[in-house]
file final_4.csv (CSV, C-alpha atoms (C1' of nucleotides))
chain,number,residue,atom,x,y,z
A,1,MET,CA,98.8,98.3,104.1
A,2,LYS,CA,97.2,101.4,105.3
A,3,TYR,CA,99.3,102.7,108.1
A,4,GLU,CA,98.2,105.8,110.0
A,5,ILE,CA,101.1,108.2,110.5
A,6,ASP,CA,101.0,110.2,113.7
A,7,ASP,CA,102.8,113.4,114.7
A,8,MET,CA,105.8,111.6,116.2
A,9,ASP,CA,106.3,109.7,112.9
A,10,ARG,CA,106.0,112.9,111.0
A,11,GLY,CA,108.6,114.5,113.4
A,12,ILE,CA,111.0,111.6,112.8
A,13,ILE,CA,110.5,111.8,109.0
A,14,LYS,CA,111.0,115.6,109.1
A,15,HIS,CA,114.4,115.2,110.9
A,16,LEU,CA,115.6,112.4,108.7
A,17,SER,CA,114.6,114.2,105.5
A,18,ILE,CA,117.1,116.9,106.5
A,19,ASP,CA,119.8,114.5,107.6
A,20,GLY,CA,119.3,110.8,107.1
A,21,ARG,CA,122.1,110.0,109.5
A,22,MET,CA,121.0,112.1,112.4
A,23,SER,CA,121.4,110.0,115.6
A,24,PHE,CA,118.3,108.6,117.2
A,25,THR,CA,119.4,110.2,120.4
A,26,GLU,CA,119.4,113.7,118.9
A,27,ILE,CA,116.0,113.2,117.3
A,28,ALA,CA,114.7,111.9,120.6
A,29,SER,CA,115.9,114.9,122.5
A,30,ASN,CA,114.3,117.2,120.0
A,31,LEU,CA,111.0,115.4,120.2
A,32,ASN,CA,111.3,115.0,124.0
A,33,VAL,CA,111.1,111.2,124.0
A,34,THR,CA,113.4,108.3,124.6
A,35,GLU,CA,115.9,107.2,122.0
A,36,LYS,CA,114.4,103.7,122.1
A,37,THR,CA,111.0,105.1,121.1
A,38,ILE,CA,112.6,106.7,118.0
A,39,ARG,CA,114.4,103.5,117.3
A,40,LEU,CA,111.2,101.5,117.4
A,41,ARG,CA,109.2,104.0,115.4
A,42,TYR,CA,112.0,104.1,112.8
A,43,LYS,CA,111.9,100.3,112.5
A,44,ASN,CA,108.2,100.4,112.1
A,45,LEU,CA,108.3,103.0,109.4
A,46,LEU,CA,110.9,100.9,107.6
A,47,ASP,CA,109.1,97.6,108.0
A,48,ASN,CA,105.9,99.1,106.7
A,49,GLY,CA,107.6,100.5,103.6
A,50,ILE,CA,106.7,104.1,104.5
A,51,LEU,CA,110.2,105.5,104.9
A,52,SER,CA,113.6,104.7,103.6
A,53,VAL,CA,116.8,106.4,104.3
A,54,VAL,CA,119.1,106.4,101.3
A,55,GLY,CA,122.0,108.2,99.8
A,56,VAL,CA,121.1,110.2,96.7
A,57,VAL,CA,123.6,111.8,94.3
A,58,ASN,CA,123.3,115.3,93.0
A,59,PRO,CA,123.4,114.9,89.2
A,60,VAL,CA,124.6,118.5,88.5
A,61,ALA,CA,127.7,118.0,90.7
A,62,LEU,CA,128.5,115.0,88.6
A,63,GLY,CA,128.1,116.9,85.4
A,64,VAL,CA,124.7,115.6,84.5
A,65,LYS,CA,123.1,118.8,83.6
A,66,SER,CA,120.5,118.3,80.8
A,67,GLY,CA,117.2,116.7,80.8
A,68,ALA,CA,114.3,115.9,78.5
A,69,ILE,CA,110.8,114.5,78.7
A,70,ILE,CA,109.9,112.1,75.9
A,71,GLN,CA,106.5,110.8,75.0
A,72,LEU,CA,106.3,107.6,73.2
A,73,LYS,CA,103.7,105.7,71.1
A,74,VAL,CA,104.2,102.0,71.0
A,75,LYS,CA,102.9,99.2,68.9
A,76,PRO,CA,99.7,97.7,70.1
A,77,GLN,CA,100.0,95.0,72.8
A,78,SER,CA,103.6,95.9,73.3
A,79,ILE,CA,103.6,98.3,76.3
A,80,ILE,CA,105.1,95.9,78.8
A,81,GLU,CA,107.8,94.8,76.3
A,82,ALA,CA,108.6,98.4,75.5
A,83,VAL,CA,108.9,99.3,79.2
A,84,GLU,CA,111.2,96.5,79.8
A,85,GLU,CA,113.5,97.7,77.0
A,86,LEU,CA,113.4,101.3,78.2
A,87,LYS,CA,114.2,100.2,81.8
A,88,LYS,CA,117.6,99.1,80.6
A,89,PHE,CA,118.6,102.7,79.6
A,90,ARG,CA,120.7,104.2,82.4
A,91,GLU,CA,119.8,107.7,81.1
A,92,ILE,CA,116.1,107.1,81.6
A,93,ARG,CA,115.3,107.7,85.2
A,94,TYR,CA,111.5,107.9,85.1
A,95,ILE,CA,109.0,105.8,83.2
A,96,THR,CA,105.3,106.1,83.4
A,97,MET,CA,102.3,104.8,81.5
A,98,THR,CA,99.9,107.6,80.6
A,99,SER,CA,96.5,108.4,79.2
A,100,GLY,CA,96.3,110.2,75.9
A,101,PRO,CA,97.7,109.6,72.5
A,102,TYR,CA,101.2,108.7,73.8
A,103,SER,CA,101.0,105.7,76.1
A,104,ILE,CA,104.4,106.1,77.7
A,105,LEU,CA,106.3,109.1,79.0
A,106,VAL,CA,109.9,108.9,80.1
A,107,GLN,CA,112.3,111.4,81.6
A,108,ILE,CA,116.1,111.3,80.8
A,109,ALA,CA,119.0,112.9,82.6
A,110,VAL,CA,122.3,113.3,80.7
A,111,PRO,CA,125.4,115.4,80.8
A,112,GLY,CA,124.5,117.8,78.0
A,113,PRO,CA,122.4,118.6,74.9
A,114,ASP,CA,124.5,116.3,72.7
A,115,GLU,CA,123.6,113.4,74.8
A,116,ILE,CA,119.9,114.2,74.6
A,117,THR,CA,120.2,113.8,70.8
A,118,GLU,CA,122.2,110.6,71.2
A,119,THR,CA,119.8,109.1,73.6
A,120,LEU,CA,116.8,110.0,71.4
A,121,LEU,CA,118.4,108.2,68.5
A,122,ARG,CA,119.0,105.1,70.6
A,123,ILE,CA,115.4,105.0,71.9
A,124,ASN,CA,114.3,105.5,68.3
A,125,GLU,CA,116.0,102.3,67.3
A,126,LEU,CA,113.8,100.2,69.6
A,127,ASP,CA,111.4,97.9,67.9
A,128,TYR,CA,108.2,98.7,69.7
A,129,ILE,CA,108.4,102.4,69.4
A,130,THR,CA,106.4,104.0,66.6
A,131,GLU,CA,106.4,107.7,67.4
A,132,MET,CA,108.2,110.1,69.7
A,133,ASN,CA,107.6,113.6,71.0
A,134,THR,CA,110.5,115.3,72.8
A,135,ILE,CA,110.2,118.1,75.3
A,136,VAL,CA,113.6,119.6,76.3
A,137,GLN,CA,113.9,120.8,79.9
A,138,LEU,CA,115.3,124.3,80.2
A,139,ALA,CA,115.3,124.5,84.0
A,140,VAL,CA,114.0,122.6,87.0
A,141,TYR,CA,112.3,124.8,89.7
A,142,LYS,CA,111.0,122.2,92.1
A,143,ASN,CA,111.7,118.6,92.9
A,144,THR,CA,110.4,117.5,96.3
A,145,TYR,CA,109.4,114.3,98.0
A,146,ASP,CA,107.5,115.4,101.0
A,147,TYR,CA,104.0,114.1,100.5
A,148,PHE,CA,102.3,115.2,103.6
B,149,MET,CA,132.4,122.4,89.4
B,150,LYS,CA,132.4,119.0,87.9
B,151,TYR,CA,133.9,116.6,90.5
B,152,GLU,CA,135.6,113.4,89.5
B,153,ILE,CA,134.6,110.6,91.8
B,154,ASP,CA,136.5,107.4,92.0
B,155,ASP,CA,135.7,103.7,92.6
B,156,MET,CA,135.8,104.1,96.4
B,157,ASP,CA,133.4,107.0,96.3
B,158,ARG,CA,131.2,104.9,94.1
B,159,GLY,CA,131.4,102.0,96.5
B,160,ILE,CA,130.4,104.3,99.4
B,161,ILE,CA,127.5,105.7,97.4
B,162,LYS,CA,126.4,102.2,96.5
B,163,HIS,CA,126.3,101.1,100.1
B,164,LEU,CA,124.5,104.2,101.3
B,165,SER,CA,122.0,104.0,98.5
B,166,ILE,CA,120.9,100.7,99.9
B,167,ASP,CA,120.9,101.7,103.5
B,168,GLY,CA,121.7,105.4,104.3
B,169,ARG,CA,122.3,104.6,107.9
B,170,MET,CA,124.8,101.8,107.4
B,171,SER,CA,127.7,102.3,109.8
B,172,PHE,CA,131.0,103.5,108.4
B,173,THR,CA,132.7,100.5,110.0
B,174,GLU,CA,130.6,98.1,108.1
B,175,ILE,CA,131.2,99.9,104.8
B,176,ALA,CA,134.9,100.1,105.6
B,177,SER,CA,135.1,96.3,106.2
B,178,ASN,CA,133.3,95.6,102.9
B,179,LEU,CA,135.6,97.9,101.0
B,180,ASN,CA,138.7,96.7,102.9
B,181,VAL,CA,139.7,100.1,104.1
B,182,THR,CA,139.7,101.8,107.5
B,183,GLU,CA,136.7,103.4,109.0
B,184,LYS,CA,138.4,106.7,109.0
B,185,THR,CA,138.8,106.7,105.3
B,186,ILE,CA,135.2,106.1,104.7
B,187,ARG,CA,134.3,108.9,107.2
B,188,LEU,CA,136.6,111.3,105.4
B,189,ARG,CA,135.3,110.4,102.0
B,190,TYR,CA,131.8,110.7,103.1
B,191,LYS,CA,132.4,114.2,104.5
B,192,ASN,CA,134.0,115.2,101.2
B,193,LEU,CA,131.1,113.9,99.2
B,194,LEU,CA,128.7,115.8,101.4
B,195,ASP,CA,130.8,119.0,101.4
B,196,ASN,CA,131.0,119.0,97.6
B,197,GLY,CA,127.3,118.6,97.3
B,198,ILE,CA,127.6,115.3,95.5
B,199,LEU,CA,125.8,113.1,97.9
B,200,SER,CA,123.2,113.5,100.5
B,201,VAL,CA,121.7,110.9,102.8
B,202,VAL,CA,118.0,111.6,103.4
B,203,GLY,CA,114.8,110.0,104.5
B,204,VAL,CA,112.3,109.6,101.6
B,205,VAL,CA,108.7,108.6,102.1
B,206,ASN,CA,106.9,106.1,99.9
B,207,PRO,CA,103.8,108.0,98.7
B,208,VAL,CA,101.8,104.8,98.1
B,209,ALA,CA,102.2,103.6,101.7
B,210,LEU,CA,100.8,107.0,102.8
B,211,GLY,CA,97.8,106.7,100.4
B,212,VAL,CA,99.1,109.0,97.8
B,213,LYS,CA,98.4,106.8,94.8
B,214,SER,CA,97.5,109.0,91.8
B,215,GLY,CA,99.6,111.2,89.6
B,216,ALA,CA,99.4,113.4,86.6
B,217,ILE,CA,101.6,115.5,84.4
B,218,ILE,CA,100.3,118.9,83.5
B,219,GLN,CA,101.6,121.1,80.7
B,220,LEU,CA,100.9,124.8,81.2
B,221,LYS,CA,100.9,127.9,78.9
B,222,VAL,CA,101.5,131.1,80.7
B,223,LYS,CA,101.0,134.8,79.9
B,224,PRO,CA,104.1,136.3,78.2
B,225,GLN,CA,106.7,137.6,80.6
B,226,SER,CA,105.1,135.8,83.5
B,227,ILE,CA,107.0,132.5,83.7
B,228,ILE,CA,108.8,133.3,86.9
B,229,GLU,CA,105.7,134.6,88.6
B,230,ALA,CA,103.8,131.5,87.5
B,231,VAL,CA,106.5,129.2,88.9
B,232,GLU,CA,106.4,131.0,92.2
B,233,GLU,CA,102.7,130.5,92.5
B,234,LEU,CA,103.0,126.8,91.5
B,235,LYS,CA,105.7,126.2,94.0
B,236,LYS,CA,103.3,126.8,96.8
B,237,PHE,CA,101.2,123.8,95.8
B,238,ARG,CA,102.1,120.9,98.1
B,239,GLU,CA,100.6,118.5,95.5
B,240,ILE,CA,103.0,119.7,92.8
B,241,ARG,CA,106.3,117.9,93.4
B,242,TYR,CA,108.1,118.7,90.1
B,243,ILE,CA,108.2,121.9,88.1
B,244,THR,CA,110.3,122.3,85.0
B,245,MET,CA,110.5,124.9,82.2
B,246,THR,CA,110.3,123.3,78.8
B,247,SER,CA,110.7,124.0,75.1
B,248,GLY,CA,107.7,123.7,72.9
B,249,PRO,CA,104.3,125.2,73.0
B,250,TYR,CA,103.8,124.7,76.7
B,251,SER,CA,106.5,126.6,78.6
B,252,ILE,CA,105.9,124.8,82.0
B,253,LEU,CA,105.4,121.2,82.9
B,254,VAL,CA,104.5,120.1,86.4
B,255,GLN,CA,103.9,116.7,88.0
B,256,ILE,CA,101.5,116.2,90.8
B,257,ALA,CA,101.0,113.4,93.4
B,258,VAL,CA,97.7,113.1,95.1
B,259,PRO,CA,95.7,110.4,97.0
B,260,GLY,CA,93.3,109.6,94.2
B,261,PRO,CA,91.6,110.6,90.9
B,262,ASP,CA,89.3,113.0,92.6
B,263,GLU,CA,92.1,115.0,93.9
B,264,ILE,CA,93.6,115.2,90.4
B,265,THR,CA,90.5,117.0,89.3
B,266,GLU,CA,90.5,119.2,92.4
B,267,THR,CA,94.1,120.2,91.9
B,268,LEU,CA,93.6,120.9,88.2
B,269,LEU,CA,90.8,123.3,89.1
B,270,ARG,CA,92.9,125.1,91.6
B,271,ILE,CA,95.8,125.5,89.2
B,272,ASN,CA,93.3,126.7,86.6
B,273,GLU,CA,92.4,129.5,88.9
B,274,LEU,CA,95.9,131.0,88.8
B,275,ASP,CA,96.1,134.3,87.0
B,276,TYR,CA,99.1,133.6,84.8
B,277,ILE,CA,97.9,130.4,83.4
B,278,THR,CA,96.3,130.6,80.0
B,279,GLU,CA,96.1,127.0,78.9
B,280,MET,CA,96.5,123.5,80.3
B,281,ASN,CA,97.1,120.0,79.0
B,282,THR,CA,96.7,117.1,81.4
B,283,ILE,CA,98.2,113.7,81.1
B,284,VAL,CA,97.0,111.2,83.7
B,285,GLN,CA,99.6,108.7,85.0
B,286,LEU,CA,98.3,105.1,84.9
B,287,ALA,CA,101.4,103.4,86.4
B,288,VAL,CA,105.0,104.2,87.2
B,289,TYR,CA,107.6,101.7,86.1
B,290,LYS,CA,110.9,103.3,86.9
B,291,ASN,CA,112.0,106.0,89.3
B,292,THR,CA,115.7,106.0,89.9
B,293,TYR,CA,118.4,108.4,91.1
B,294,ASP,CA,121.6,106.7,90.2
B,295,TYR,CA,123.2,108.8,87.7
B,296,PHE,CA,126.4,106.9,87.0
C,297,DA,C1',147.0,102.7,111.6
C,298,DA,C1',146.1,102.4,116.3
C,299,DT,C1',144.2,104.1,120.7
C,300,DG,C1',140.9,105.6,123.8
C,301,DA,C1',137.1,108.5,125.4
C,302,DA,C1',132.6,110.0,124.3
C,303,DA,C1',128.5,109.3,121.9
C,304,DC,C1',125.4,106.2,120.1
C,305,DT,C1',122.9,101.8,119.4
C,306,DC,C1',120.6,97.8,121.0
C,307,DG,C1',118.1,94.4,123.8
C,308,DG,C1',115.7,93.0,128.0
C,309,DA,C1',112.9,94.1,131.9
C,310,DT,C1',109.5,97.1,133.5
C,311,DC,C1',105.9,100.3,133.6
C,312,DT,C1',101.5,102.7,131.8
C,313,DG,C1',97.3,103.7,129.3
D,314,DC,C1',98.6,94.7,124.6
D,315,DA,C1',100.9,98.1,122.2
D,316,DG,C1',103.9,101.4,123.1
D,317,DA,C1',106.9,104.2,126.4
D,318,DT,C1',110.8,104.4,129.7
D,319,DC,C1',115.0,102.9,132.3
D,320,DC,C1',119.3,101.0,132.1
D,321,DG,C1',123.5,98.4,131.2
D,322,DA,C1',126.5,96.2,127.8
D,323,DG,C1',128.3,96.4,123.2
D,324,DT,C1',129.5,99.4,118.9
D,325,DT,C1',130.6,103.2,116.4
D,326,DT,C1',132.4,107.7,115.9
D,327,DC,C1',136.1,110.8,116.0
D,328,DA,C1',140.3,113.5,117.6
D,329,DT,C1',144.9,112.6,118.7
D,330,DT,C1',149.1,110.3,118.1

call {"tool": "encode", "arguments": {"input": "final_4.csv", "output": "C-alpha cells"}}
result
Amino acid sequence: MKYEIDDMDRGIIKHLSIDGRMSFTEIASNLNVTEKTIRLRYKNLLDNGILSVVGVVNPVALGVKSGAIIQLKVKPQSIIEAVEELKKFREIRYITMTSGPYSILVQIAVPGPDEITETLLRINELDYITEMNTIVQLAVYKNTYDYF
Amino acid sequence: MKYEIDDMDRGIIKHLSIDGRMSFTEIASNLNVTEKTIRLRYKNLLDNGILSVVGVVNPVALGVKSGAIIQLKVKPQSIIEAVEELKKFREIRYITMTSGPYSILVQIAVPGPDEITETLLRINELDYITEMNTIVQLAVYKNTYDYF
DNA sequence: AATGAAACTCGGATCTG
DNA sequence: CAGATCCGAGTTTCATT
C-alpha cells in the first residue's frame, strides 16, 4: 500500500518518463548499477502499481484541438448513475466529483468548437442532469504527471 | 498537420497503451505482420508526434491523494506572467486559459487536504492573482487518454 | 521477407549488508 | 533476508540483402 520510493526508483522513473522503451541496460549504465537491478526495481514498481509504461497519443496531432470543462448538477441520489452514463462518452476524458453547487465536473476533448456544442447537447439530454455550466478552454499551458 | 492514422497504427497504439514495453515481435505476431513493419510504423508515429511511450506514476500509490480545481482571476494584461508563475508550482499539474469570469483554471494534486489549504495560500500570495474560486475534488471517476 | 550480428532480456546461482 | 552482482542462454532489434 504505502511504498517508499528511493533515489534509484526515482532515477528509473525519470528515465522512463522521457522514453518508456529505453533499455534496462542503458538505464543501468546511467545509474551505475546492473541491468538486473533495474529489471527487478522496474518489476516492483509495476507490481506495486506505482509506475506504468504506456503509449499516449497526442490529441492535437490527431486533430483533437478543442476542450471544455463542464460543471454538472445532478438529481439527488443519482450521482453514481450519472457518472456511469458520462463514462460512456468518448469525448469525456476526465470525470471528478466535486464540492460546491455542482457535484460533478468533466473535461472534454474534441476536434473543434462545433463538437463542443454538439457534445454539450448530448450531455444535456441525459436524464440525471439538471443544470450545466460550461467553461471553454482557450489554451493549455501545463499538463504534467510528475508527482514528486 | 493532421495525420491520418490507419487500422494498423491503431492496433499498435492499442497494444502499447496496455504495455508500453511490449516487444515489436509480439505486436507483430498479434497483428499478423512482420516485426519490421511494426518498428517502422512505430518510428513514424513517434516522428510525427502522434504517439509517445512514457512512464507514468500513480499518484495515489505515492501518497498523493487529494486534488482541487482552482479558478483564478488575474490583473489585466497579466495572464502570461501569471501562467509563468503558476508553472513553477510542482503541485499544479494542469493550467488552462478559459472563457468566463475567471481567465485561468488550474488543477492541483497533493498528499492530503492540509496541503490543499497550504497550496491555496501560496497561490494567493502571487502578485497577479486578484480572485480565487476553489473546487475540492472528492473522487475521480475517469481519466483517459484515448482520443479515437 | 529473410538473414545474421549486436544488443537486450531473463533466470539461476552467488555474494553482501 | 532483501537486494545487488555475475554470467550464460534465449530473444529482440535492426541494417543489409

call {"tool": "residues_around", "arguments": {"input": "final_4.csv", "residues": "Gly20 in chain A", "least_positions_apart": "5", "cutoff": "7 Å", "atoms": "only C-alpha atoms (C1' of nucleotides)", "output": "MDAnalysis selection string"}}
result
(chainID A and resid 53) or (chainID B and resid 168:169 201:203)

call {"tool": "interface_residues", "arguments": {"input": "final_4.csv", "of": "chain C", "to": "chain A", "cutoff": "10 Å", "atoms": "only C-alpha atoms (C1' of nucleotides)", "output": "short mmCIF file (atom, residue, chain, number, x, y, z; two decimals) with C-alpha atoms (C1' of nucleotides), in the frame of the given file"}}
result
data_model
loop_
_atom_site.label_atom_id
_atom_site.label_comp_id
_atom_site.auth_asym_id
_atom_site.auth_seq_id
_atom_site.Cartn_x
_atom_site.Cartn_y
_atom_site.Cartn_z
"C1'" DA C 303 128.50 109.30 121.90
"C1'" DC C 304 125.40 106.20 120.10
"C1'" DT C 305 122.90 101.80 119.40
"C1'" DC C 306 120.60 97.80 121.00
#

call {"tool": "interface_residues", "arguments": {"input": "final_4.csv", "of": "chain D", "to": "chain B", "cutoff": "12 Å", "atoms": "only C-alpha atoms (C1' of nucleotides)", "output": "PyMOL selection string"}}
result
chain D and resi 324-328

call {"tool": "atom_distance", "arguments": {"input": "final_4.csv", "atom1": "CA of Asp47 in chain A", "atom2": "CA of Ala209 in chain B"}}
result
11.1 Å

call {"tool": "closest_residue", "arguments": {"input": "final_4.csv", "among": "A:His15, A:Arg41, A:Lys73, A:Arg93", "to": "Asn124 in chain A", "atoms": "only C-alpha atoms"}}
result
A:Lys73

call {"tool": "residues_around", "arguments": {"input": "final_4.csv", "residues": "Ile160 in chain B", "least_positions_apart": "5", "cutoff": "8 Å", "atoms": "only C-alpha atoms (C1' of nucleotides)", "output": "list in words"}}
result
Ile175, Ile186 and Tyr190 of chain B

call {"tool": "residues_around", "arguments": {"input": "final_4.csv", "residues": "range 143-146 of chain A", "least_positions_apart": "4", "cutoff": "10 Å", "atoms": "only C-alpha atoms (C1' of nucleotides)", "output": "list in words"}}
result
Ile13, Lys14 and Ser17 of chain A; Gly203, Val204, Val205, Asn206, Pro207, Lys235, Arg238, Glu239, Ile240, Arg241, Tyr242, Ile243, Thr244, Val254, Gln255 and Ala257 of chain B

call {"tool": "closest_residue", "arguments": {"input": "final_4.csv", "among": "B:Ile227, B:Ile277, B:Met245, B:Ile218", "to": "chain A", "atoms": "all atoms listed in the file"}}
result
B:Met245

call {"tool": "atom_distance", "arguments": {"input": "final_4.csv", "atom1": "CA of Tyr250 in chain B", "atom2": "CA of Tyr147 in chain A"}}
result
26.1 Å

call {"tool": "atom_distance", "arguments": {"input": "final_4.csv", "atom1": "C1' of DT312 in chain C", "atom2": "C1' of DC320 in chain D"}}
result
17.9 Å

call {"tool": "residues_around", "arguments": {"input": "final_4.csv", "residues": "Leu62 in chain A", "least_positions_apart": "3", "cutoff": "12 Å", "atoms": "all atoms listed in the file", "output": "list in words"}}
result
Val56, Val57, Asn58, Pro59, Lys65, Ser66, Ala109, Val110, Pro111 and Gly112 of chain A; Met149, Lys150, Tyr151, Glu152, Ile153, Asp154, Arg158, Leu193, Asn196, Gly197, Ile198, Leu199, Asp294, Tyr295 and Phe296 of chain B

call {"tool": "closest_residue", "arguments": {"input": "final_4.csv", "among": "A:Pro76, A:Gly63, A:Pro113, A:Pro101", "to": "chain B", "atoms": "only C-alpha atoms"}}
result
A:Gly63

call {"tool": "closest_residue", "arguments": {"input": "final_4.csv", "among": "B:Ala176, B:Leu164, B:Ile264, B:Glu279", "to": "chain A", "atoms": "all atoms listed in the file"}}
result
B:Leu164

call {"tool": "residues_near_point", "arguments": {"input": "final_4.csv", "point": "(110.0, 95.2, 78.0)", "cutoff": "12 Å", "atoms": "all atoms listed in the file", "output": "ChimeraX atom specification"}}
result
/A:74,77-89,95,126-129 /B:289

call {"tool": "axis_aligned_box", "arguments": {"input": "final_4.csv", "around": "range 84-88 of chain A", "padding_each_side": "3 Å", "output": "lines of an AutoDock Vina configuration file"}}
result
center_x = 114.4
center_y = 98.9
center_z = 79.4
size_x = 12.4
size_y = 10.8
size_z = 10.8

call {"tool": "build_atoms", "arguments": {"input": "final_4.csv", "residues": "range 260-268 of chain B", "atoms": "all heavy atoms", "output": "mmCIF file, keeping the file's coordinate frame"}}
result
data_model
loop_
_atom_site.group_PDB
_atom_site.id
_atom_site.type_symbol
_atom_site.label_atom_id
_atom_site.label_comp_id
_atom_site.auth_asym_id
_atom_site.auth_seq_id
_atom_site.Cartn_x
_atom_site.Cartn_y
_atom_site.Cartn_z
ATOM 1 N N GLY B 260 94.037 110.337 95.157
ATOM 2 C CA GLY B 260 93.300 109.600 94.200
ATOM 3 C C GLY B 260 92.814 110.458 93.017
ATOM 4 O O GLY B 260 93.123 111.643 92.962
ATOM 5 N N PRO B 261 92.086 109.856 92.089
ATOM 6 C CA PRO B 261 91.600 110.600 90.900
ATOM 7 C C PRO B 261 90.847 111.841 91.195
ATOM 8 O O PRO B 261 91.013 112.835 90.489
ATOM 9 C CB PRO B 261 90.691 109.527 90.226
ATOM 10 C CG PRO B 261 91.175 108.217 90.729
ATOM 11 C CD PRO B 261 91.676 108.457 92.107
ATOM 12 N N ASP B 262 90.028 111.802 92.235
ATOM 13 C CA ASP B 262 89.300 113.000 92.600
ATOM 14 C C ASP B 262 90.151 114.192 92.847
ATOM 15 O O ASP B 262 89.866 115.320 92.440
ATOM 16 C CB ASP B 262 88.372 112.744 93.806
ATOM 17 C CG ASP B 262 87.287 111.724 93.513
ATOM 18 O OD1 ASP B 262 87.099 111.389 92.318
ATOM 19 O OD2 ASP B 262 86.641 111.265 94.463
ATOM 20 N N GLU B 263 91.250 113.926 93.534
ATOM 21 C CA GLU B 263 92.100 115.000 93.900
ATOM 22 C C GLU B 263 92.909 115.532 92.660
ATOM 23 O O GLU B 263 93.406 116.660 92.674
ATOM 24 C CB GLU B 263 93.126 114.593 94.974
ATOM 25 C CG GLU B 263 92.483 114.475 96.349
ATOM 26 C CD GLU B 263 91.841 113.121 96.585
ATOM 27 O OE1 GLU B 263 91.822 112.295 95.646
ATOM 28 O OE2 GLU B 263 91.364 112.894 97.708
ATOM 29 N N ILE B 264 93.033 114.695 91.632
ATOM 30 C CA ILE B 264 93.600 115.200 90.400
ATOM 31 C C ILE B 264 92.736 116.339 89.859
ATOM 32 O O ILE B 264 93.201 117.453 89.586
ATOM 33 C CB ILE B 264 93.775 114.107 89.315
ATOM 34 C CG1 ILE B 264 94.810 113.078 89.768
ATOM 35 C CG2 ILE B 264 94.190 114.717 87.976
ATOM 36 C CD1 ILE B 264 95.051 111.972 88.758
ATOM 37 N N THR B 265 91.463 116.035 89.750
ATOM 38 C CA THR B 265 90.500 117.000 89.300
ATOM 39 C C THR B 265 90.538 118.287 90.134
ATOM 40 O O THR B 265 90.629 119.414 89.633
ATOM 41 C CB THR B 265 89.075 116.448 89.325
ATOM 42 O OG1 THR B 265 89.100 115.147 88.740
ATOM 43 C CG2 THR B 265 88.103 117.341 88.570
ATOM 44 N N GLU B 266 90.507 118.043 91.430
ATOM 45 C CA GLU B 266 90.500 119.200 92.400
ATOM 46 C C GLU B 266 91.726 120.053 92.206
ATOM 47 O O GLU B 266 91.630 121.294 92.184
ATOM 48 C CB GLU B 266 90.361 118.607 93.779
ATOM 49 C CG GLU B 266 90.134 119.629 94.856
ATOM 50 C CD GLU B 266 91.389 119.844 95.664
ATOM 51 O OE1 GLU B 266 92.161 118.871 95.854
ATOM 52 O OE2 GLU B 266 91.614 120.987 96.089
ATOM 53 N N THR B 267 92.864 119.416 92.066
ATOM 54 C CA THR B 267 94.100 120.200 91.900
ATOM 55 C C THR B 267 94.122 120.942 90.576
ATOM 56 O O THR B 267 94.554 122.090 90.506
ATOM 57 C CB THR B 267 95.330 119.261 92.012
ATOM 58 O OG1 THR B 267 95.228 118.484 93.201
ATOM 59 C CG2 THR B 267 96.614 120.070 92.050
ATOM 60 N N LEU B 268 93.640 120.272 89.534
ATOM 61 C CA LEU B 268 93.600 120.900 88.200
ATOM 62 C C LEU B 268 92.751 122.205 88.312
ATOM 63 O O LEU B 268 93.152 123.244 87.782
ATOM 64 C CB LEU B 268 92.920 119.989 87.201
ATOM 65 C CG LEU B 268 93.788 118.862 86.674
ATOM 66 C CD1 LEU B 268 92.976 117.956 85.758
ATOM 67 C CD2 LEU B 268 94.969 119.445 85.907
#
